[in-house]
Structure formats: structure tokens, C-alpha cells
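**Q** A single structure is presented below for examination.
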Amino acid sequence: MRGIEFFRNVSIGQYVDSGSYIHSLRPSTKYLWLIALMVSGIAASSWVGAAFPFALALALGARAGVRPGFLLRGAKPILPLLALVALLQFLFSWPGDDSAVLLSLGPFSATAMEARLVGMTFIRTLGLMTVIGLFTSVTAEGESMHGVEDILSPLERLGLRPQRLALAFGVALRFVPIVAGELEDIAKAQASRGADFGSGRGGPLKKARAYLPLFVPVTLRALERAESMAEAMEARGYSEEGRTRLASYPKRRGEGLARIAALLACAAPFVLDYFAQRL
Amino acid sequence: MPLIELEGASYTYPGSLSPALDSISFSIDEGEYVAVVGANGSGKSSLLRLLDGLRPPSSGEVRVSSLATSSREGRARALRAVGLVFQSPVDQIVSSSVEEDVAFGPENLGLPRTEIRRRVDAALAAVGLAGETRRPSHFLSAGQQQRLAIAGALALDARCIAFDEATAMLDPAARETVLGLMESLVASGRTVVHVTQDMDEAARAPRVLVLDSGRLVFDGSPEELFASDGDSIPALAVLGRPDCAVLARALGLPALARESAAELASRIATSHIAIARTAASRGAIDPDAPMAFELRGVSHAYLGGTANEKAALREVDLDIPRGALVAFIGRTGSGKSTALQLLDGLVAPRSGTVRSLGVDLGGKSVDLRGIRMRAPLSVQRPESALFELYAADDVAFGPRNLGLSGKALVERVRAAMEEAGLGYGEFRDRRTRTLSGGEKRRLALAGVLAMGGEALLLDEPTSALDPATKASIAALIGARARGGTTVAMATHSMDEAAAADLVAVFVEGEIAALGDPETIFYDRYDPAWGLRRPFAVEVAIELEKAGLSLGFRPLSLDELVGALA
């Protein structure tokens, strides 16, 4: 039996408050780590290099009291996408691919190079999702908003408004669960009236029409709720000029070291790449 | 000295032809406690937005601290002087943690950090949330979220707090806390404006304003308002009176606006009212009826297996006989909605078994879509799921999915709309978006009624409606149940629960008591549930204490009056 619950498999965006040292670092330091691990995971070209951010994120998660199972589950929704990548690799061949054929079926074949590409895509995506999941589990919403503000503050001289950007970012984050909740409610309401999403037969127009009972009310509700929130903000005198901030993030002991470590972690996969090629 | 003054203030929404507010004049003094009542769509919310400076009047003038809100400076002053607390707890939370949310206002004022800290701490202490500063705001209960919103207004140093039906979505205990806070705000010298559709709540204020179609039709004390007959104030027919006034009038006693059950009982006991001892006849459930729904050892948790796992139900056993009307009562978050959604397989339990209409929902090849259509659920605020352009098309969505077409479809839609109180001829071609709040609720219910299911699952079907609409929807649910449909309904209204065949009391995910309303409200009632008894029950118990035996135990004001007069 399948119920309608959307938030079960989303570990991204769920803060895990364990009060660890990693939690207490400044938001800007956490962003530095996030970017460092994402960049190195994508740019690394060897197996070990690409797997490094993934392994490190799991290890850091363990230090921060975030269970590996929780982080891994965040990658579950993208598995179908990866399966599609694998299928495409199998159906189409690369020009000039003369690596060993591992499996063939009629005109289609999987070569060693394709298998490697699929594997690398898998490990990189898994790494990315884990790193992002770790970041959101150790960074409260407010902190991630203030982090954006702090990182972008030098841009104020160029006429940009970091506070405004950060607030837009924060409100957008807050809206993810709100809209998901509305979607779940409305899906339940329509399912009670016999709606059957996804199994719509017929042409694309008919299929698209099957989603109208979801799409129209969710859009309207999201707009209504955005309006309510805008009104609540206005009622509390929201202004862009001269705002101050309650939250402050004093430097923690070892904050500088943590930042240097982030840069080292960013460089590590490239070093691993180098050794992997020499071997 | 007046804090707020309105002089011939009108407001017309952009694109609307008729004004939402029509030349309103009154003033509110510093430290006053004023209730504003009116039916759905009478202009109450628009009025608050005018007081607060959120909207300038289209004509006439609104002044806060002697400054017109149409000027830039006046608007800024009004926004600071008048804090708003809205109906929906979630929609007014701007920040992710409790203290940051309270700090939002002072941050906008550009105050230094130490001053923000001082104000945040003082405001949180005033609403009793001092221990929750670091909590994520979306993990607070609905009642706590409303207290958070009050703290947000206090931190702006608002002299007036205006509540826009801020108790409508709360359970009785949370409601009592917020009402108590209003009184302590008044005691500390602040002004309170309370927009409400609940006359018992309105009667707590010494002054009541009544709005009817955008016009101010009454401004006076609640005693004056509720003692007046319906002719002079037609809006009273929609709004009704506080329970104590209804009862006193029915017994021919002078009606007071606010009176406890004990006070009224002692007036009755000393007034030589003859006791007829006419026991009301109530329908009984057929003891041999087969079960429509059976839950066995059902547990469920949201975000199961994640760090934020939240238990919703624990080891629940529940039997609902066919043809019964069952009310689920309990505090917000006690598991009522989850239980309803389990019954038609919208939520799959973590453990335990659910049998619905004879089908084991855990079975391998179970047709959940079929079950959902046989026992359709109306979610909270079902009107938010309306999607068709025209009213009748929306009602037709379900019957079409059942395979109906042509004449049979039209007939089904017509019958459902009429049953929900929307004349088919008048409403079928109305645009859904142009319906009033009450009409939208009726339309959404018609969409569920049109499924013609053996059972109906209703999640707070009468919430946030005016008393007259509430009563007519409760009546239509009762009629369905008497017609043989099994109905399970979650409600915060104890009067609606008292009219059910069975009442299930949910406390923190468990069923604390299950029985007929008489057993629940007389024998098993426990104040720790965080609910309250129907007023008629409270009065009957007080009469019994005063030595006046009625010979039976009434559950509604009608039954009580029948027993006395």
C-alpha cells in the first residue's frame, strides 16, 4: 500500500540540531566547505578523486552527529535519472570508442568506457547530494541566509543589496516545505475524488490535462500564501534601508584552520588524480 | 485620548465595483479592548488593514496617534503602533527560528543589537515562550505560533495589537491561552482589537463593533448587542449570540453577554423554572452493525526514519460501525487528521492493519483508488483544491472519474450542489473564483458529496466559517449520517462532537477515550485533554450540583431547554 507523503526521502533542507563543533562554525566557513567539496567532486577525473568528497562528507557527517543513512537517502530521488543516463550510454555509442565491449545486445553495446562514464556520473552525483545534504543538516535556515549575506557583502560597493538577496533566498527556502505541504494536501483532496495522476493515457495534451487538478490550485495557493507572507512582513515594517541584524557569528576557535582545511580538501582530489594516473 | 480614529473611511479593492468598507467612523482610545464581529466577507479583515496602515482608505481618513495613515510618516507610525496577528499561524512567520522571527520587526527599525536582544527577550517572556528562543519556528504548535506572532508585534513596541480571527484555527486550550494573553495585554495598558466570528469570544470585550456588508451597524456594549432583538441588527441572525445568552433568552431570563455555567445555573435554580424533565430522543447505533472501518495496532510517524521524525499515532485501535457519525476531537497535532487519512489509504501506516469497508488496505492487490472513491476525504480548507473555472464543472470532477456522463452526471452534480446549499440553477455557471469563502466551502463539500460514497471523511469541515454557515454545514452532515452514510469527522467544536453518535478523543497520538457523547462529556471527561465541555453540559452539571435534577443528561442547548421549560 502506498500513501501520499512527499517529504520522506528528502534529506536536503532538513537541519539536524546536534550542537556539534561543525554546527557552531560560521556560516561563511560552511559555505566555503560546501563549494570546495562540490568543485573538487565535479572536477576530479579519477575514481578515488571523485569519491573523495563523498567519503569526506560521510566522515564529517559522523563527526557532526548526522547519520550516514540519512545523508544517503537524499540521493534516492535521483536514482531514476542515473538509470536513464546508463540506458542512454547503452543505446548510443561514442565515436572512436575502441574500449572493450562488455555486453552487447543486437546493435546496442556497453563498452568499458561507457561503464566508466556511468560509474563516474554515479559517484559524482552521489557525492554532490551527500555534500549538499550535509551542509543543510549542519546549517540552520537562518544561518544559510546570513551566510549568503556575509559572503556577498563585498558586493555592496557595486550597488548590489546582499540583504535583499539573502532575504529572497531565505524566504524561497521557507517556501519549499510550504508548497510541498500544499501539494500534498491538494493531491490528497483530488485523490479522494478519484484523480489518478501519472497513468493518463492518450496524447500529450490529455496527459498534461490530467495534472490540471493539481497544478492550478497549487499555483493559486502558493501565490496566496506568498501574498500573506508579504503582508505579514509589511505589517512588521519591512524596509530595505537601514536594517540591522540580531544574529552575529563570532569567530570560533580553529575557524581559520577549518577554512584552510576546506582549501586543502578542495585540492586533495587533484592530488589523488595525479597519483591514480601514475599507478 | 484616541489612539485610532476613522472618519468616513471607505475602502474598495482594486478592480472591485462595490466597496469592502463603506464610510466607517469610530475611534478607539488608548487601552481599550474592542471586539469586531461580522459574517464572512463583511469587511472585518479589510478594516484591520486600514487601522494598521497596510492600506490607505480610498476615501475618508484613518488617523493613528493623530496622524493620517495616507501620509508616508503616518503609515510608518501606524505600522509601528498597531501590530497585526493573522488567522493562519504559519503564514506570518518570517524567519526560521523563534528569536529571529521576533527580531524581524526591530531589525527593520534599524535598532542596535543590544536593544533588539532586550526587546526580543522581553517580548518572548511576555507571551510565555522564553524557553523556546532557539527552536525552529515551524516546529511550534499552532497556539505557540500565534503567541510568537504576538511577541513579534510586542517587540515593535506596538501600543495596539489587532487580532484577525487569530483563534479560529486553534484548539480550545490554545484558544483560551491566546484569549488570556489578550486580557493581560489590556491589563498592561495596551489596546486590543479582536476580530472574531465567535460570539462567546466577542462578549469578553467591553465594546463590540458589528460590520454588515462593509458598514458599521452597531457600536456598543455586548450586553446591549445581545439583548437587542434580531430586527434592529439583522446581522445577529448570522452571528448568533453567546451560549449563555441563547440559553437565558430561551428560558425567559434576562440575557447577559458573559456568564459562567455556574452563575447561569444558580440563576436558573433560583428562578422557579418548572422542570419538564423531557428527555431528548437520540438515535442509537445498531449494536449489530458491521464495521465500516477497523484500525488495529496502527502506528504512524511523519518523516519516518529521518532525524526530524514525528510520531503521529501510537498503537491505535478503533472500530467505526457502518452508518455511525463519529467525531474525532483533540488538540492540534494529536493525530486526528492522520487517523482520517489512514482510513482511506492516503497515509500508509508504519505498522498495524487498516480495514476499510471490508477491504484490508495492506493487501497486495488492493485498489486504493476504488477505496478512496467509496470513502472520499474532504481535507482541511477543501476549497483550496478547487480548480475548474465554473462551479458545476468542479463538482463534476469526481463523478466523471467514477465513469458517469450525460444525464446521470448532471443529475448527480445537481443533487450534490443542492444538498450543499448551492442552488444548481443559480450557481452552476458561476466562476469558482468569484464565490465567497462560505460558498467555496460548500462547493468543495459538494464535490465530495457527489462521489456518493458509502462513507465520508471530513477534516474540520466547519472551521473558520461564520456561525450561520457552520450550523448549516453541520446540519447537512447530520442529514447524510441519518441517511445511512458512515461519517468520520475531525472537529474543534465540542457542540458538533456532542451531536455525533460516537466521540473519539485523541491525546498525543493515542485514543484516550471512545464512546457516545454522553459518556465522553459526563463520565469520562478529563480536563487534561485540553478540550472543554459543551456549555449545555457545563450548565447541567452545575444544576445537578445546585440540587436541581433534570432526570437526564442533556448534550445541547436545545435538549437542556427542552428539559427545563
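Residue numbering restarts at 1 for every chain of the C-alpha cells, chains are lettered A, B, ... in their displayed order, and ligands are numbered from 1 as they appear.
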Could you give me, as a tab-separated table, every chain A residue with an atom at most 8 Å from chain B, plus its closest atom pair and distance in Å to one decimal, counting only C-alpha atoms, rows ordered by chain then number?

**A**
residue	atom	partner	partner_atom	distance
A:Met1	CA	B:Gly362	CA	5.5
A:Arg2	CA	B:Ala348	CA	5.9
A:Gly3	CA	B:Val347	CA	4.1
A:Ile4	CA	B:Leu346	CA	5.5
A:Glu5	CA	B:Val347	CA	7.1
A:Phe7	CA	B:Leu303	CA	6.4
A:Arg8	CA	B:Leu303	CA	4.9
A:Ser11	CA	B:Thr306	CA	7.7
A:Gln14	CA	B:Asn308	CA	7.7
A:Val16	CA	B:Ala307	CA	6.3
A:Phe70	CA	B:Thr306	CA	6.2
A:Ala140	CA	B:Ser96	CA	8.0
A:Glu141	CA	B:Ser96	CA	6.0
A:Gly142	CA	B:Ser96	CA	5.8
A:Gly170	CA	B:Ser95	CA	8.0
A:Val171	CA	B:Val94	CA	7.5
A:Arg174	CA	B:Ser96	CA	7.5
A:Asp185	CA	B:Val379	CA	6.9
A:Ile186	CA	B:Ala385	CA	5.3
A:Lys188	CA	B:Leu346	CA	6.6
A:Ala189	CA	B:Val379	CA	5.9
A:Gln190	CA	B:Ala385	CA	7.3
A:Ala191	CA	B:Arg372	CA	7.0
A:Ser192	CA	B:Pro376	CA	4.7
A:Arg193	CA	B:Gly398	CA	4.5
A:Gly194	CA	B:Asn401	CA	5.5
A:Ala195	CA	B:Asn401	CA	6.9
A:Asp196	CA	B:Arg369	CA	7.7
A:Leu212	CA	B:Phe387	CA	7.5
A:Pro213	CA	B:Phe387	CA	5.6
A:Leu214	CA	B:Ala385	CA	7.8
A:Val216	CA	B:Phe387	CA	5.8
A:Pro217	CA	B:Ala385	CA	5.4
A:Val218	CA	B:Ala385	CA	7.8
A:Arg221	CA	B:Ser384	CA	6.7
A:Arg225	CA	B:Asp91	CA	6.5
A:Ser228	CA	B:Asp91	CA	6.0
A:Met229	CA	B:Asp91	CA	5.4
A:Glu231	CA	B:Leu54	CA	7.9
A:Ala232	CA	B:Gln92	CA	5.1
A:Met233	CA	B:Val94	CA	6.8
A:Glu234	CA	B:Leu54	CA	7.3
A:Ala235	CA	B:Leu79	CA	5.9
A:Arg236	CA	B:Gly105	CA	5.1
A:Gly237	CA	B:Asn108	CA	6.1
A:Tyr238	CA	B:Asn108	CA	5.4
A:Ser239	CA	B:Asn108	CA	5.7
A:Glu240	CA	B:Asn108	CA	7.7
A:Gly242	CA	B:Gly110	CA	5.4
A:Arg243	CA	B:Gly110	CA	4.5
A:Thr244	CA	B:Glu107	CA	4.8
A:Arg245	CA	B:Glu107	CA	5.6
A:Leu246	CA	B:Arg113	CA	5.4
A:Ala247	CA	B:Glu100	CA	7.6

**Q** Tell me which protein, DNA and RNA residues are within 8 Å of Gln197 of chain B, counting only C-alpha atoms, leaving out same-chain ones fewer than 5 positions away, and put them as JSON, numbers by chain.

**A** {"B": [37, 38, 39, 165, 202, 239, 465, 466, 467]}

**Q** Go ahead and write the selection's residues with N, CA and C atoms as a compact mmCIF listing (two decimals), in the first residue's frame.

**A**
# COMPACT_ATOMS: atom_id res chain seq x y z
N VAL B 37 -17.06 42.11 15.07
CA VAL B 37 -17.69 40.89 14.57
C VAL B 37 -18.43 41.18 13.26
N GLY B 38 -18.71 40.12 12.54
CA GLY B 38 -19.40 40.24 11.26
C GLY B 38 -19.30 38.91 10.52
N ALA B 39 -20.18 38.69 9.56
CA ALA B 39 -20.19 37.42 8.82
C ALA B 39 -18.97 37.34 7.91
N GLU B 165 -9.08 37.18 13.51
CA GLU B 165 -9.56 35.80 13.71
C GLU B 165 -8.42 34.88 14.11
N ALA B 202 -16.31 37.35 21.53
CA ALA B 202 -16.59 38.78 21.38
C ALA B 202 -17.10 39.37 22.70
N LEU B 239 -24.78 35.85 13.05
CA LEU B 239 -23.74 35.75 14.07
C LEU B 239 -24.17 34.96 15.29
N LEU B 465 -15.64 29.41 9.53
CA LEU B 465 -16.86 29.90 8.88
C LEU B 465 -17.68 30.70 9.89
N ASP B 466 -18.60 31.53 9.39
CA ASP B 466 -19.42 32.26 10.35
C ASP B 466 -20.46 31.32 10.96
N PRO B 467 -21.01 31.69 12.14
CA PRO B 467 -21.87 30.75 12.87
C PRO B 467 -23.03 30.19 12.04

**Q** At what distance in Å, to one decimal, does atom CA of Ala44 of chain A lie from atom CA of Ala110 of chain A?

**A** 23.5 Å

**Q** Just the residues within 6 Å of segment 112-116 of chain A, please, counting only C-alpha atoms, with nothing from its chain fewer than 2 positions along; format it as a PDB file with C-alpha atoms, in the first residue's frame.

**A**
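Writing done, so here's out_39.pdb:
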ATOM      1  CA  SER A  99      37.479   0.132 -25.458  1.00  0.00           C
ATOM      2  CA  ALA A 100      36.495  -3.456 -24.724  1.00  0.00           C
ATOM      3  CA  VAL A 118      28.236   5.825 -15.913  1.00  0.00           C
ATOM      4  CA  GLY A 119      30.166   4.901 -12.788  1.00  0.00           C
TER       5      GLY A 119
END

**Q** From a backbone DSSP assignment, name each residue in segment 4-90 of chain A labelled helix (DSSP H, G or I), as a ChimeraX atom specification.

**A** /A:21-24,27-43,47-63,68-73,76-90

**Q** Include C-alpha atoms and write out the residues we just selected as a compact mmCIF listing (two decimals), in the first residue's frame.

**A**
# COMPACT_ATOMS: atom_id res chain seq x y z
CA TYR A 21 31.62 21.79 16.66
CA ILE A 22 30.85 21.68 12.95
CA HIS A 23 27.41 23.16 13.61
CA SER A 24 28.97 26.05 15.52
CA PRO A 27 28.02 30.08 8.06
CA SER A 28 30.60 31.54 5.66
CA THR A 29 33.05 28.78 6.64
CA LYS A 30 30.40 26.17 5.96
CA TYR A 31 29.72 27.70 2.55
CA LEU A 32 33.45 27.55 1.83
CA TRP A 33 33.41 23.83 2.60
CA LEU A 34 30.29 23.32 0.52
CA ILE A 35 31.81 24.99 -2.52
CA ALA A 36 35.21 23.32 -2.03
CA LEU A 37 33.77 19.81 -1.92
CA MET A 38 31.35 20.41 -4.79
CA VAL A 39 34.05 21.83 -7.07
CA SER A 40 36.56 19.10 -6.33
CA GLY A 41 33.96 16.33 -6.72
CA ILE A 42 32.94 17.59 -10.15
CA ALA A 43 36.43 18.41 -11.42
CA TRP A 47 37.73 7.25 -9.30
CA VAL A 48 39.42 7.96 -5.99
CA GLY A 49 39.39 11.70 -6.66
CA ALA A 50 35.66 11.75 -7.37
CA ALA A 51 34.88 9.51 -4.40
CA PHE A 52 36.92 11.65 -2.00
CA PRO A 53 34.27 14.37 -1.31
CA PHE A 54 31.64 11.67 -0.84
CA ALA A 55 33.75 9.80 1.72
CA LEU A 56 34.80 13.01 3.46
CA ALA A 57 31.19 14.22 3.69
CA LEU A 58 30.15 10.94 5.33
CA ALA A 59 33.07 11.17 7.77
CA LEU A 60 32.31 14.80 8.63
CA GLY A 61 28.65 13.86 8.99
CA ALA A 62 29.62 11.22 11.54
CA ARG A 63 31.60 13.89 13.46
CA PRO A 68 25.10 8.23 7.02
CA GLY A 69 21.75 6.58 6.23
CA PHE A 70 20.07 9.98 6.44
CA LEU A 71 22.57 11.51 4.00
CA LEU A 72 22.41 8.57 1.59
CA ARG A 73 18.64 8.65 1.43
CA LYS A 76 17.42 8.25 -3.65
CA PRO A 77 15.19 10.54 -5.73
CA ILE A 78 17.91 10.92 -8.38
CA LEU A 79 18.44 7.19 -8.94
CA PRO A 80 15.91 7.03 -11.83
CA LEU A 81 17.81 9.84 -13.52
CA LEU A 82 21.04 7.88 -13.22
CA ALA A 83 19.32 4.82 -14.66
CA LEU A 84 18.33 6.95 -17.64
CA VAL A 85 21.95 8.05 -18.11
CA ALA A 86 23.03 4.41 -18.06
CA LEU A 87 20.39 3.49 -20.62
CA LEU A 88 21.43 6.30 -22.97
CA GLN A 89 25.04 5.21 -22.74
CA PHE A 90 23.96 1.70 -23.65

**Q** Env of segment 313-326 of chain B: 7 Å cut, atoms = only C-alpha atoms, seq-sep filter 4 positions within chain, self excluded. Answer as a VMD selection string.

**A** chain B and resid 285 289 to 301 335 481 484 to 489 500 to 503 509 to 511

**Q** Which residues, written as a list in words, have at least one atom at most 7 Å from Ala498 of chain B, with only C-alpha atoms counted and residues fewer than 4 positions away on the same chain left out?

**A**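 Everything that qualifies: Met494, Pro517 and Leu555 of chain B.
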
**Q** Which residues are close to Phe521 of chain B, i.e. within 12 Å by only C-alpha atoms, leaving aside same-chain residues fewer than 6 positions away? Reply as a list in words.

**A** Ile329, Met494, Asp495, Ala497, Ala498, Ala499, Leu502, Val503, Ala504, Val505, Ala513, Leu514, Gly515, Pro527, Trp529, Leu531, Arg532, Arg533, Pro534, Phe535, Ala536, Val537, Glu538, Ala540, Ile541, Arg553, Pro554, Leu555 and Ser556 of chain B

**Q** Residues of the last selection are to be written out with C-alpha atoms, as a tab-separated table (two decimals), in the first residue's frame.

**A**
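Generated output (selection.tsv):
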chain	number	residue	atom	x	y	z
B	329	ILE	CA	-11.67	15.57	18.91
B	494	MET	CA	-17.43	20.44	21.11
B	495	ASP	CA	-21.05	21.18	20.19
B	497	ALA	CA	-18.95	16.46	18.71
B	498	ALA	CA	-21.86	16.31	21.17
B	499	ALA	CA	-24.24	15.79	18.24
B	502	LEU	CA	-19.55	8.36	18.85
B	503	VAL	CA	-16.70	10.56	20.03
B	504	ALA	CA	-13.03	9.55	19.84
B	505	VAL	CA	-10.71	11.68	21.98
B	513	ALA	CA	-11.41	7.69	25.21
B	514	LEU	CA	-14.03	6.38	22.82
B	515	GLY	CA	-17.76	6.35	23.50
B	527	PRO	CA	-9.50	18.41	31.80
B	529	TRP	CA	-7.34	16.53	27.31
B	531	LEU	CA	-10.64	20.50	25.44
B	532	ARG	CA	-13.81	21.81	27.03
B	533	ARG	CA	-17.31	20.56	27.59
B	534	PRO	CA	-20.28	21.89	25.60
B	535	PHE	CA	-21.86	24.78	27.51
B	536	ALA	CA	-25.15	22.86	27.94
B	537	VAL	CA	-23.24	20.05	29.68
B	538	GLU	CA	-21.46	22.51	31.98
B	540	ALA	CA	-26.47	20.72	33.53
B	541	ILE	CA	-23.63	19.64	35.81
B	553	ARG	CA	-28.18	14.41	30.77
B	554	PRO	CA	-28.60	16.99	28.01
B	555	LEU	CA	-25.89	17.48	25.36
B	556	SER	CA	-27.12	20.59	23.56

**Q** If DSSP is run on the backbone, what residues of segment 9-228 of chain A are strand (DSSP E)? A reply as a ChimeraX atom specification would be ideal.

**A** /A:101-105,108-111

**Q** Can you measure atom CA of Ala180 of chain A to atom CA of Ile132 of chain A for me? One decimal in Å is fine.

**A**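 So the two atoms, atom CA of Ala180 of chain A and atom CA of Ile132 of chain A, lie 19.4 Å apart.
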